[in-house]
>>> print(open('data_8.pdb').read())   # PDB, C-alpha atoms, pLDDT in the B column
MODEL        1
ATOM      1  CA  MET A   1     -16.943 -29.625  -4.437  1.00 83.00           C
ATOM      2  CA  LEU A   2     -14.556 -26.870  -3.388  1.00 89.00           C
ATOM      3  CA  ARG A   3     -11.935 -25.473  -5.709  1.00 91.00           C
ATOM      4  CA  ILE A   4      -8.709 -24.727  -3.810  1.00 92.00           C
ATOM      5  CA  ALA A   5      -6.001 -22.381  -5.090  1.00 94.00           C
ATOM      6  CA  LEU A   6      -2.577 -23.718  -4.033  1.00 91.00           C
ATOM      7  CA  PRO A   7       0.628 -21.632  -4.035  1.00 91.00           C
ATOM      8  CA  LYS A   8       3.493 -22.590  -6.324  1.00 88.00           C
ATOM      9  CA  GLY A   9       5.963 -20.521  -4.287  1.00 83.00           C
ATOM     10  CA  ARG A  10       7.664 -20.795  -0.894  1.00 83.00           C
ATOM     11  CA  LEU A  11       4.523 -22.053   0.909  1.00 88.00           C
ATOM     12  CA  LYS A  12       3.867 -24.973  -1.446  1.00 87.00           C
ATOM     13  CA  LYS A  13       5.730 -27.734   0.433  1.00 86.00           C
ATOM     14  CA  THR A  14       4.170 -27.001   3.820  1.00 89.00           C
ATOM     15  CA  VAL A  15       0.670 -26.667   2.358  1.00 89.00           C
ATOM     16  CA  LEU A  16       0.934 -30.084   0.697  1.00 86.00           C
ATOM     17  CA  GLN A  17       2.145 -31.595   3.976  1.00 87.00           C
ATOM     18  CA  LEU A  18      -0.894 -30.176   5.766  1.00 87.00           C
ATOM     19  CA  LEU A  19      -3.288 -31.568   3.161  1.00 84.00           C
ATOM     20  CA  GLY A  20      -1.800 -35.037   3.598  1.00 80.00           C
ATOM     21  CA  PRO A  21      -3.673 -37.803   1.729  1.00 76.00           C
ATOM     22  CA  GLN A  22      -5.995 -35.242   0.116  1.00 70.00           C
ATOM     23  CA  ALA A  23      -3.159 -33.389  -1.573  1.00 73.00           C
ATOM     24  CA  PRO A  24      -2.363 -33.814  -5.272  1.00 73.00           C
ATOM     25  CA  ASP A  25       0.922 -35.661  -5.753  1.00 72.00           C
ATOM     26  CA  ALA A  26       4.102 -34.012  -7.040  1.00 69.00           C
ATOM     27  CA  GLU A  27       3.726 -35.513 -10.506  1.00 69.00           C
ATOM     28  CA  ALA A  28       0.217 -34.107 -10.897  1.00 66.00           C
ATOM     29  CA  LEU A  29       1.263 -30.667  -9.673  1.00 66.00           C
ATOM     30  CA  SER A  30       4.196 -30.518 -12.072  1.00 64.00           C
ATOM     31  CA  SER A  31       2.042 -31.375 -15.092  1.00 59.00           C
ATOM     32  CA  ARG A  32       0.660 -28.749 -17.421  1.00 47.00           C
ATOM     33  CA  LYS A  33      -2.927 -29.466 -16.398  1.00 52.00           C
ATOM     34  CA  LEU A  34      -4.599 -26.328 -15.122  1.00 48.00           C
ATOM     35  CA  LEU A  35      -7.195 -28.032 -12.948  1.00 59.00           C
ATOM     36  CA  LEU A  36      -6.512 -31.047 -10.735  1.00 57.00           C
ATOM     37  CA  THR A  37      -9.210 -33.087  -9.028  1.00 61.00           C
ATOM     38  CA  GLN A  38      -8.421 -35.126  -5.917  1.00 59.00           C
ATOM     39  CA  GLY A  39     -11.374 -36.669  -4.120  1.00 65.00           C
ATOM     40  CA  PRO A  40     -13.868 -34.035  -2.894  1.00 78.00           C
ATOM     41  CA  LEU A  41     -11.528 -31.119  -3.659  1.00 83.00           C
ATOM     42  CA  GLU A  42     -10.318 -29.549  -6.889  1.00 87.00           C
ATOM     43  CA  PHE A  43      -6.821 -28.036  -6.778  1.00 88.00           C
ATOM     44  CA  LEU A  44      -5.672 -25.114  -8.871  1.00 90.00           C
ATOM     45  CA  PRO A  45      -1.874 -24.527  -8.620  1.00 89.00           C
ATOM     46  CA  LEU A  46      -1.211 -20.807  -9.105  1.00 92.00           C
ATOM     47  CA  LYS A  47       1.506 -18.228  -8.670  1.00 92.00           C
ATOM     48  CA  ASP A  48       1.107 -16.554  -5.283  1.00 92.00           C
ATOM     49  CA  ALA A  49       0.203 -13.152  -6.738  1.00 92.00           C
ATOM     50  CA  ASP A  50      -2.680 -14.657  -8.755  1.00 96.00           C
ATOM     51  CA  ILE A  51      -4.400 -16.426  -5.868  1.00 97.00           C
ATOM     52  CA  PRO A  52      -6.274 -13.444  -4.330  1.00 97.00           C
ATOM     53  CA  ILE A  53      -7.613 -12.479  -7.781  1.00 97.00           C
ATOM     54  CA  TYR A  54      -8.868 -15.975  -8.584  1.00 97.00           C
ATOM     55  CA  VAL A  55     -10.504 -16.325  -5.172  1.00 97.00           C
ATOM     56  CA  GLU A  56     -12.174 -12.917  -5.314  1.00 97.00           C
ATOM     57  CA  ARG A  57     -13.615 -13.513  -8.785  1.00 96.00           C
ATOM     58  CA  GLY A  58     -14.863 -17.009  -8.034  1.00 95.00           C
ATOM     59  CA  GLY A  59     -12.194 -18.908  -9.945  1.00 95.00           C
ATOM     60  CA  ALA A  60     -11.467 -20.653  -6.645  1.00 95.00           C
ATOM     61  CA  ASP A  61     -13.618 -20.866  -3.533  1.00 96.00           C
ATOM     62  CA  VAL A  62     -10.689 -20.976  -1.114  1.00 96.00           C
ATOM     63  CA  GLY A  63      -6.992 -20.114  -1.480  1.00 96.00           C
ATOM     64  CA  ILE A  64      -3.821 -20.346   0.589  1.00 96.00           C
ATOM     65  CA  VAL A  65      -1.356 -17.488   0.289  1.00 96.00           C
ATOM     66  CA  GLY A  66       1.176 -15.462   2.263  1.00 94.00           C
ATOM     67  CA  SER A  67      -0.132 -12.321   3.970  1.00 93.00           C
ATOM     68  CA  ASP A  68       2.545 -10.311   2.117  1.00 93.00           C
ATOM     69  CA  VAL A  69       0.830 -11.117  -1.192  1.00 94.00           C
ATOM     70  CA  LEU A  70      -2.620 -10.615   0.318  1.00 93.00           C
ATOM     71  CA  ASN A  71      -1.760  -7.196   1.755  1.00 92.00           C
ATOM     72  CA  GLU A  72      -0.351  -6.123  -1.598  1.00 93.00           C
ATOM     73  CA  SER A  73      -3.463  -7.221  -3.465  1.00 93.00           C
ATOM     74  CA  LYS A  74      -6.586  -5.161  -4.082  1.00 89.00           C
ATOM     75  CA  ALA A  75      -8.763  -8.269  -3.913  1.00 94.00           C
ATOM     76  CA  ASP A  76     -11.836  -8.192  -1.652  1.00 96.00           C
ATOM     77  CA  VAL A  77     -11.701 -11.561   0.095  1.00 97.00           C
ATOM     78  CA  LEU A  78     -12.325 -12.958   3.560  1.00 96.00           C
ATOM     79  CA  GLU A  79      -9.479 -14.213   5.778  1.00 94.00           C
ATOM     80  CA  PRO A  80     -10.979 -16.985   7.923  1.00 94.00           C
ATOM     81  CA  LEU A  81      -7.720 -18.528   9.147  1.00 93.00           C
ATOM     82  CA  ASP A  82      -4.080 -17.698   9.877  1.00 93.00           C
ATOM     83  CA  LEU A  83      -2.259 -21.027   9.530  1.00 93.00           C
ATOM     84  CA  GLY A  84       0.715 -19.878  11.582  1.00 89.00           C
ATOM     85  CA  PHE A  85       3.515 -21.103   9.314  1.00 89.00           C
ATOM     86  CA  GLY A  86       5.791 -19.520   6.741  1.00 84.00           C
ATOM     87  CA  ILE A  87       6.645 -16.984   9.431  1.00 83.00           C
ATOM     88  CA  CYS A  88       9.008 -14.203   8.414  1.00 86.00           C
ATOM     89  CA  LYS A  89       9.066 -10.407   8.665  1.00 89.00           C
ATOM     90  CA  MET A  90       8.622  -7.547   6.258  1.00 92.00           C
ATOM     91  CA  VAL A  91      11.054  -4.791   7.209  1.00 94.00           C
ATOM     92  CA  PHE A  92      12.541  -1.451   6.241  1.00 95.00           C
ATOM     93  CA  CYS A  93      16.277  -1.933   5.665  1.00 94.00           C
ATOM     94  CA  GLY A  94      19.085   0.541   5.176  1.00 94.00           C
ATOM     95  CA  LYS A  95      22.684   1.322   5.889  1.00 93.00           C
ATOM     96  CA  PRO A  96      23.944   1.328   9.506  1.00 93.00           C
ATOM     97  CA  HIS A  97      23.647   4.493  11.585  1.00 94.00           C
ATOM     98  CA  THR A  98      20.674   5.892   9.695  1.00 93.00           C
ATOM     99  CA  SER A  99      16.911   6.006  10.290  1.00 96.00           C
ATOM    100  CA  LEU A 100      13.723   6.566   8.345  1.00 96.00           C
ATOM    101  CA  ALA A 101      13.006   9.717  10.335  1.00 96.00           C
ATOM    102  CA  ALA A 102      16.433  11.173   9.535  1.00 96.00           C
ATOM    103  CA  LEU A 103      16.087  10.374   5.831  1.00 96.00           C
ATOM    104  CA  HIS A 104      12.631  11.944   5.841  1.00 96.00           C
ATOM    105  CA  ALA A 105      13.840  15.072   7.630  1.00 95.00           C
ATOM    106  CA  SER A 106      16.663  15.558   5.118  1.00 95.00           C
ATOM    107  CA  GLY A 107      14.406  14.988   2.109  1.00 95.00           C
ATOM    108  CA  GLN A 108      16.396  11.903   1.096  1.00 96.00           C
ATOM    109  CA  LEU A 109      13.869   9.145   1.770  1.00 97.00           C
ATOM    110  CA  ARG A 110      13.684   6.980  -1.357  1.00 97.00           C
ATOM    111  CA  VAL A 111      12.307   3.478  -0.762  1.00 97.00           C
ATOM    112  CA  ALA A 112      12.660   0.606  -3.245  1.00 96.00           C
ATOM    113  CA  THR A 113      10.320  -2.368  -2.801  1.00 95.00           C
ATOM    114  CA  LYS A 114       8.454  -5.268  -4.366  1.00 93.00           C
ATOM    115  CA  PHE A 115       5.490  -4.291  -2.171  1.00 94.00           C
ATOM    116  CA  PRO A 116       4.544  -0.698  -3.109  1.00 95.00           C
ATOM    117  CA  ARG A 117       0.989  -0.704  -1.691  1.00 94.00           C
ATOM    118  CA  THR A 118       2.085  -2.153   1.638  1.00 94.00           C
ATOM    119  CA  THR A 119       5.103   0.161   1.806  1.00 96.00           C
ATOM    120  CA  LEU A 120       3.005   3.241   1.074  1.00 95.00           C
ATOM    121  CA  ARG A 121       0.622   2.348   3.900  1.00 94.00           C
ATOM    122  CA  ALA A 122       3.562   1.805   6.263  1.00 95.00           C
ATOM    123  CA  LEU A 123       5.036   5.211   5.392  1.00 96.00           C
ATOM    124  CA  GLN A 124       1.678   6.948   5.788  1.00 96.00           C
ATOM    125  CA  GLN A 125       1.157   5.326   9.196  1.00 95.00           C
ATOM    126  CA  ARG A 126       4.486   6.799  10.286  1.00 95.00           C
ATOM    127  CA  GLY A 127       3.778  10.239   8.840  1.00 96.00           C
ATOM    128  CA  LEU A 128       6.739   9.923   6.466  1.00 96.00           C
ATOM    129  CA  MET A 129       7.004  11.194   2.911  1.00 93.00           C
ATOM    130  CA  GLY A 130       9.468  10.182   0.218  1.00 93.00           C
ATOM    131  CA  ASP A 131       9.865   8.619  -3.211  1.00 96.00           C
ATOM    132  CA  LEU A 132       8.491   5.108  -3.675  1.00 96.00           C
ATOM    133  CA  ILE A 133      10.401   2.999  -6.218  1.00 96.00           C
ATOM    134  CA  PRO A 134       8.599  -0.223  -7.283  1.00 95.00           C
ATOM    135  CA  LEU A 135      11.227  -2.813  -8.244  1.00 92.00           C
ATOM    136  CA  TYR A 136      11.230  -6.570  -8.744  1.00 86.00           C
ATOM    137  CA  GLY A 137      14.247  -8.774  -8.386  1.00 82.00           C
ATOM    138  CA  THR A 138      17.294  -7.996  -6.260  1.00 84.00           C
ATOM    139  CA  ILE A 139      16.092  -5.020  -4.220  1.00 89.00           C
ATOM    140  CA  GLU A 140      19.342  -4.574  -2.278  1.00 88.00           C
ATOM    141  CA  VAL A 141      21.122  -3.297  -5.388  1.00 89.00           C
ATOM    142  CA  ALA A 142      18.898  -0.205  -5.463  1.00 91.00           C
ATOM    143  CA  LEU A 143      20.272   0.853  -2.085  1.00 89.00           C
ATOM    144  CA  LEU A 144      23.864  -0.068  -2.811  1.00 87.00           C
ATOM    145  CA  THR A 145      23.888   1.910  -6.068  1.00 91.00           C
ATOM    146  CA  GLY A 146      22.270   4.983  -4.549  1.00 92.00           C
ATOM    147  CA  MET A 147      18.987   4.621  -6.426  1.00 94.00           C
ATOM    148  CA  ALA A 148      17.267   4.274  -3.036  1.00 96.00           C
ATOM    149  CA  THR A 149      18.172   5.142   0.546  1.00 96.00           C
ATOM    150  CA  ALA A 150      16.027   2.369   2.065  1.00 96.00           C
ATOM    151  CA  ILE A 151      14.300  -0.816   0.955  1.00 95.00           C
ATOM    152  CA  VAL A 152      11.326  -2.859   2.103  1.00 95.00           C
ATOM    153  CA  ASP A 153      11.560  -6.630   1.725  1.00 90.00           C
ATOM    154  CA  LEU A 154      10.962  -9.939   3.485  1.00 88.00           C
ATOM    155  CA  VAL A 155      13.628 -11.143   5.906  1.00 83.00           C
ATOM    156  CA  GLU A 156      13.867 -14.775   6.991  1.00 68.00           C
ATOM    157  CA  THR A 157      17.462 -15.386   8.030  1.00 55.00           C
ATOM    158  CA  GLY A 158      19.038 -11.938   7.739  1.00 60.00           C
ATOM    159  CA  ARG A 159      21.962 -13.389   5.782  1.00 71.00           C
ATOM    160  CA  THR A 160      21.280 -11.236   2.710  1.00 73.00           C
ATOM    161  CA  LEU A 161      21.382  -8.099   4.840  1.00 78.00           C
ATOM    162  CA  GLN A 162      24.688  -9.072   6.413  1.00 80.00           C
ATOM    163  CA  GLU A 163      26.250  -9.856   3.045  1.00 81.00           C
ATOM    164  CA  ASN A 164      25.311  -6.407   1.780  1.00 81.00           C
ATOM    165  CA  GLY A 165      26.211  -4.489   4.947  1.00 85.00           C
ATOM    166  CA  LEU A 166      22.604  -3.534   5.670  1.00 88.00           C
ATOM    167  CA  VAL A 167      20.557  -3.478   8.865  1.00 91.00           C
ATOM    168  CA  VAL A 168      16.877  -3.565   9.780  1.00 92.00           C
ATOM    169  CA  LEU A 169      15.626  -0.045  10.413  1.00 95.00           C
ATOM    170  CA  GLU A 170      12.012  -0.822  11.357  1.00 94.00           C
ATOM    171  CA  GLU A 171       9.583  -3.725  11.132  1.00 93.00           C
ATOM    172  CA  VAL A 172       6.597  -3.329   8.830  1.00 93.00           C
ATOM    173  CA  ALA A 173       4.674  -6.494   9.744  1.00 87.00           C
ATOM    174  CA  PRO A 174       5.014 -10.212  10.503  1.00 87.00           C
ATOM    175  CA  ILE A 175       4.131 -12.413   7.523  1.00 90.00           C
ATOM    176  CA  SER A 176       2.436 -15.825   7.641  1.00 92.00           C
ATOM    177  CA  ALA A 177       0.329 -18.185   5.537  1.00 94.00           C
ATOM    178  CA  ARG A 178      -3.369 -17.339   5.371  1.00 95.00           C
ATOM    179  CA  VAL A 179      -6.473 -19.075   4.115  1.00 96.00           C
ATOM    180  CA  ILE A 180      -8.651 -16.724   2.093  1.00 97.00           C
ATOM    181  CA  ALA A 181     -12.201 -17.329   0.888  1.00 97.00           C
ATOM    182  CA  ASN A 182     -14.540 -16.012  -1.760  1.00 97.00           C
ATOM    183  CA  ARG A 183     -17.301 -14.073   0.029  1.00 96.00           C
ATOM    184  CA  ALA A 184     -20.191 -15.794  -1.764  1.00 95.00           C
ATOM    185  CA  SER A 185     -18.716 -19.257  -1.241  1.00 94.00           C
ATOM    186  CA  PHE A 186     -17.985 -18.568   2.406  1.00 94.00           C
ATOM    187  CA  TRP A 187     -21.613 -17.788   3.230  1.00 93.00           C
ATOM    188  CA  LEU A 188     -23.486 -19.942   0.687  1.00 92.00           C
ATOM    189  CA  ARG A 189     -21.262 -23.028   1.038  1.00 91.00           C
ATOM    190  CA  ARG A 190     -20.341 -22.521   4.666  1.00 91.00           C
ATOM    191  CA  HIS A 191     -20.551 -26.233   5.556  1.00 90.00           C
ATOM    192  CA  GLU A 192     -18.006 -27.254   2.890  1.00 89.00           C
ATOM    193  CA  VAL A 193     -15.705 -24.317   3.581  1.00 92.00           C
ATOM    194  CA  ASP A 194     -15.818 -24.945   7.333  1.00 91.00           C
ATOM    195  CA  ALA A 195     -14.939 -28.609   6.818  1.00 89.00           C
ATOM    196  CA  PHE A 196     -11.856 -27.651   4.807  1.00 90.00           C
ATOM    197  CA  LEU A 197     -10.831 -24.996   7.336  1.00 92.00           C
ATOM    198  CA  GLN A 198     -11.185 -27.517  10.147  1.00 90.00           C
ATOM    199  CA  LEU A 199      -9.000 -29.983   8.238  1.00 89.00           C
ATOM    200  CA  LEU A 200      -6.235 -27.391   7.857  1.00 90.00           C
ATOM    201  CA  SER A 201      -6.626 -26.077  11.389  1.00 91.00           C
ATOM    202  CA  THR A 202      -6.380 -29.555  12.898  1.00 90.00           C
ATOM    203  CA  ARG A 203      -3.294 -30.493  10.924  1.00 90.00           C
ATOM    204  CA  ALA A 204      -1.641 -27.137  11.592  1.00 91.00           C
ATOM    205  CA  ASN A 205      -2.230 -27.710  15.301  1.00 89.00           C
ATOM    206  CA  GLU A 206      -0.796 -31.243  15.095  1.00 88.00           C
ATOM    207  CA  ALA A 207       2.289 -29.842  13.333  1.00 87.00           C
ATOM    208  CA  GLY A 208       2.776 -27.284  16.109  1.00 88.00           C
ATOM    209  CA  TYR A 209       1.978 -24.177  14.093  1.00 88.00           C
ATOM    210  CA  ALA A 210       0.511 -21.293  16.078  1.00 77.00           C
ATOM    211  CA  HIS A 211      -2.531 -20.735  13.889  1.00 73.00           C
ATOM    212  CA  PHE A 212      -5.191 -18.179  14.733  1.00 71.00           C
ATOM    213  CA  PRO A 213      -8.804 -17.927  13.511  1.00 70.00           C
ATOM    214  CA  LEU A 214      -9.475 -14.549  11.916  1.00 69.00           C
ATOM    215  CA  LEU A 215     -13.252 -14.943  11.543  1.00 67.00           C
TER     216      LEU A 215
ENDMDL
END
>>> encode(input="data_8.pdb", output="structure tokens")
Amino acid sequence: MLRIALPKGRLKKTVLQLLGPQAPDAEALSSRKLLLTQGPLEFLPLKDADIPIYVERGGADVGIVGSDVLNESKADVLEPLDLGFGICKMVFCGKPHTSLAALHASGQLRVATKFPRTTLRALQQRGLMGDLIPLYGTIEVALLTGMATAIVDLVETGRTLQENGLVVLEEVAPISARVIANRASFWLRRHEVDAFLQLLSTRANEAGYAHFPLL
């Protein structure tokens, strides 16, 4: 029996729709029970940031999480499937008529973000140096108050940027929902894992999501 880590965050609704009859119902998910059993699968509802850790350490065989959380994590897990939904972008944002290169050249590059590991990699890939400011909550305020000269965050509609007079400076990466697997489970219980991946892949295809196998 596979133990599946389910996200409590923005991906929850779509994941439950994909699981269909095999999904735990809303009442079960909202209860205080840590472990839920539905048919041949056991479901563990977790905060997004906890899912890679639980999967890596064997607390769950398979998990579903956004690639933003996965890229930020240090967990050593496999990524067998990109489900192709929850699409948004992670971007560098700033005030109009500026650029990362100009801020770097003037020694004024200070980037506030909820994703410090991902942001550091993005800066290094561009050959840029500056201060990294890890923040959680309303990141835009750091730029508006002068604490930072740029921010890195997820953008779905762009409305927040417009309301704060900000623009996208550069794209860091597209973000989507991923299935991740514990390495031992993936190879030792390949038949069960493959069956679950096929279930999700089929339903993602039926829903019109552009999913891609990673392994």
>>> residues_around(input="data_8.pdb", residues="region 113-129 of chain A", least_positions_apart="4", cutoff="9 Å", atoms="only C-alpha atoms", output="ChimeraX atom specification")
/A:68-69,71-73,92,100-101,104-105,107,109,133-137,139,150-153,172
>>> residues_around(input="data_8.pdb", residues="Ile87 (chain A)", least_positions_apart="2", cutoff="7 Å", atoms="only C-alpha atoms", output="ChimeraX atom specification")
/A:84-85,175-176
>>> closest_residue(input="data_8.pdb", among="A:Ile64, A:Cys88, A:Leu2, A:Ala148", to="Lys47 (chain A)", atoms="only C-alpha atoms")
A:Ile64
>>> atom_distance(input="data_8.pdb", atom1="CA of Leu11 (chain A)", atom2="CA of Ala142 (chain A)")
26.9 Å
>>> closest_residue(input="data_8.pdb", among="A:Cys93, A:Val155, A:Leu103, A:Val141", to="Leu169 (chain A)", atoms="only C-alpha atoms")
A:Cys93
>>> residues_around(input="data_8.pdb", residues="Val62 (chain A)", least_positions_apart="5", cutoff="10 Å", atoms="all atoms listed in the file", output="VMD selection string")
chain A and resid 2 to 6 43 51 to 52 54 to 56 77 to 80 179 to 183 185 to 186 193 196 to 197
>>> build_atoms(input="data_8.pdb", residues="region 142-165 of chain A", atoms="N, CA, C and O atoms", output="PDB file, in the coordinates of the input")
ATOM      1  N   ALA A 142      19.396  -1.577  -5.375  1.00 91.00           N
ATOM      2  CA  ALA A 142      18.898  -0.205  -5.463  1.00 91.00           C
ATOM      3  C   ALA A 142      19.499   0.665  -4.374  1.00 91.00           C
ATOM      4  O   ALA A 142      19.831   1.836  -4.597  1.00 91.00           O
ATOM      5  N   LEU A 143      19.690   0.100  -3.198  1.00 89.00           N
ATOM      6  CA  LEU A 143      20.272   0.853  -2.085  1.00 89.00           C
ATOM      7  C   LEU A 143      21.785   0.993  -2.259  1.00 89.00           C
ATOM      8  O   LEU A 143      22.356   2.073  -2.057  1.00 89.00           O
ATOM      9  N   LEU A 144      22.405  -0.079  -2.676  1.00 87.00           N
ATOM     10  CA  LEU A 144      23.864  -0.068  -2.811  1.00 87.00           C
ATOM     11  C   LEU A 144      24.338   0.848  -3.932  1.00 87.00           C
ATOM     12  O   LEU A 144      25.448   1.389  -3.881  1.00 87.00           O
ATOM     13  N   THR A 145      23.506   1.040  -4.947  1.00 91.00           N
ATOM     14  CA  THR A 145      23.888   1.910  -6.068  1.00 91.00           C
ATOM     15  C   THR A 145      23.449   3.350  -5.881  1.00 91.00           C
ATOM     16  O   THR A 145      23.745   4.196  -6.713  1.00 91.00           O
ATOM     17  N   GLY A 146      22.713   3.624  -4.799  1.00 92.00           N
ATOM     18  CA  GLY A 146      22.270   4.983  -4.549  1.00 92.00           C
ATOM     19  C   GLY A 146      20.925   5.329  -5.156  1.00 92.00           C
ATOM     20  O   GLY A 146      20.436   6.449  -5.006  1.00 92.00           O
ATOM     21  N   MET A 147      20.311   4.376  -5.872  1.00 94.00           N
ATOM     22  CA  MET A 147      18.987   4.621  -6.426  1.00 94.00           C
ATOM     23  C   MET A 147      17.975   4.866  -5.310  1.00 94.00           C
ATOM     24  O   MET A 147      17.064   5.680  -5.437  1.00 94.00           O
ATOM     25  N   ALA A 148      18.149   4.141  -4.192  1.00 96.00           N
ATOM     26  CA  ALA A 148      17.267   4.274  -3.036  1.00 96.00           C
ATOM     27  C   ALA A 148      18.102   4.448  -1.780  1.00 96.00           C
ATOM     28  O   ALA A 148      19.284   4.101  -1.752  1.00 96.00           O
ATOM     29  N   THR A 149      17.490   5.005  -0.745  1.00 96.00           N
ATOM     30  CA  THR A 149      18.172   5.142   0.546  1.00 96.00           C
ATOM     31  C   THR A 149      17.631   4.158   1.574  1.00 96.00           C
ATOM     32  O   THR A 149      18.140   4.076   2.694  1.00 96.00           O
ATOM     33  N   ALA A 150      16.580   3.411   1.208  1.00 96.00           N
ATOM     34  CA  ALA A 150      16.027   2.369   2.065  1.00 96.00           C
ATOM     35  C   ALA A 150      15.282   1.380   1.172  1.00 96.00           C
ATOM     36  O   ALA A 150      14.942   1.700   0.032  1.00 96.00           O
ATOM     37  N   ILE A 151      15.069   0.187   1.681  1.00 95.00           N
ATOM     38  CA  ILE A 151      14.300  -0.816   0.955  1.00 95.00           C
ATOM     39  C   ILE A 151      13.296  -1.455   1.904  1.00 95.00           C
ATOM     40  O   ILE A 151      13.460  -1.404   3.122  1.00 95.00           O
ATOM     41  N   VAL A 152      12.260  -2.045   1.329  1.00 95.00           N
ATOM     42  CA  VAL A 152      11.326  -2.859   2.103  1.00 95.00           C
ATOM     43  C   VAL A 152      11.298  -4.234   1.452  1.00 95.00           C
ATOM     44  O   VAL A 152      11.066  -4.363   0.252  1.00 95.00           O
ATOM     45  N   ASP A 153      11.551  -5.272   2.251  1.00 90.00           N
ATOM     46  CA  ASP A 153      11.560  -6.630   1.725  1.00 90.00           C
ATOM     47  C   ASP A 153      11.280  -7.610   2.854  1.00 90.00           C
ATOM     48  O   ASP A 153      11.214  -7.224   4.026  1.00 90.00           O
ATOM     49  N   LEU A 154      11.144  -8.881   2.493  1.00 88.00           N
ATOM     50  CA  LEU A 154      10.962  -9.939   3.485  1.00 88.00           C
ATOM     51  C   LEU A 154      12.310 -10.405   3.999  1.00 88.00           C
ATOM     52  O   LEU A 154      13.259 -10.529   3.228  1.00 88.00           O
ATOM     53  N   VAL A 155      12.396 -10.653   5.289  1.00 83.00           N
ATOM     54  CA  VAL A 155      13.628 -11.143   5.906  1.00 83.00           C
ATOM     55  C   VAL A 155      13.319 -12.440   6.636  1.00 83.00           C
ATOM     56  O   VAL A 155      12.421 -12.494   7.472  1.00 83.00           O
ATOM     57  N   GLU A 156      14.055 -13.488   6.302  1.00 68.00           N
ATOM     58  CA  GLU A 156      13.867 -14.775   6.991  1.00 68.00           C
ATOM     59  C   GLU A 156      15.083 -15.112   7.853  1.00 68.00           C
ATOM     60  O   GLU A 156      14.964 -15.412   9.024  1.00 68.00           O
ATOM     61  N   THR A 157      16.260 -15.039   7.271  1.00 55.00           N
ATOM     62  CA  THR A 157      17.462 -15.386   8.030  1.00 55.00           C
ATOM     63  C   THR A 157      18.337 -14.175   8.329  1.00 55.00           C
ATOM     64  O   THR A 157      19.155 -14.207   9.244  1.00 55.00           O
ATOM     65  N   GLY A 158      18.193 -13.100   7.546  1.00 60.00           N
ATOM     66  CA  GLY A 158      19.038 -11.938   7.739  1.00 60.00           C
ATOM     67  C   GLY A 158      20.379 -12.038   7.039  1.00 60.00           C
ATOM     68  O   GLY A 158      21.175 -11.105   7.051  1.00 60.00           O
ATOM     69  N   ARG A 159      20.658 -13.182   6.419  1.00 71.00           N
ATOM     70  CA  ARG A 159      21.962 -13.389   5.782  1.00 71.00           C
ATOM     71  C   ARG A 159      22.200 -12.414   4.627  1.00 71.00           C
ATOM     72  O   ARG A 159      23.295 -11.883   4.459  1.00 71.00           O
ATOM     73  N   THR A 160      21.139 -12.158   3.836  1.00 73.00           N
ATOM     74  CA  THR A 160      21.280 -11.236   2.710  1.00 73.00           C
ATOM     75  C   THR A 160      21.648  -9.844   3.184  1.00 73.00           C
ATOM     76  O   THR A 160      22.462  -9.155   2.571  1.00 73.00           O
ATOM     77  N   LEU A 161      21.054  -9.423   4.289  1.00 78.00           N
ATOM     78  CA  LEU A 161      21.382  -8.099   4.840  1.00 78.00           C
ATOM     79  C   LEU A 161      22.843  -8.041   5.250  1.00 78.00           C
ATOM     80  O   LEU A 161      23.561  -7.079   4.945  1.00 78.00           O
ATOM     81  N   GLN A 162      23.295  -9.057   5.952  1.00 80.00           N
ATOM     82  CA  GLN A 162      24.688  -9.072   6.413  1.00 80.00           C
ATOM     83  C   GLN A 162      25.666  -9.042   5.246  1.00 80.00           C
ATOM     84  O   GLN A 162      26.669  -8.326   5.288  1.00 80.00           O
ATOM     85  N   GLU A 163      25.354  -9.800   4.199  1.00 81.00           N
ATOM     86  CA  GLU A 163      26.250  -9.856   3.045  1.00 81.00           C
ATOM     87  C   GLU A 163      26.359  -8.512   2.342  1.00 81.00           C
ATOM     88  O   GLU A 163      27.382  -8.206   1.713  1.00 81.00           O
ATOM     89  N   ASN A 164      25.312  -7.701   2.452  1.00 81.00           N
ATOM     90  CA  ASN A 164      25.311  -6.407   1.780  1.00 81.00           C
ATOM     91  C   ASN A 164      25.559  -5.237   2.732  1.00 81.00           C
ATOM     92  O   ASN A 164      25.432  -4.075   2.339  1.00 81.00           O
ATOM     93  N   GLY A 165      25.909  -5.542   3.986  1.00 85.00           N
ATOM     94  CA  GLY A 165      26.211  -4.489   4.947  1.00 85.00           C
ATOM     95  C   GLY A 165      25.019  -3.647   5.338  1.00 85.00           C
ATOM     96  O   GLY A 165      25.158  -2.457   5.639  1.00 85.00           O
TER      97      GLY A 165
END
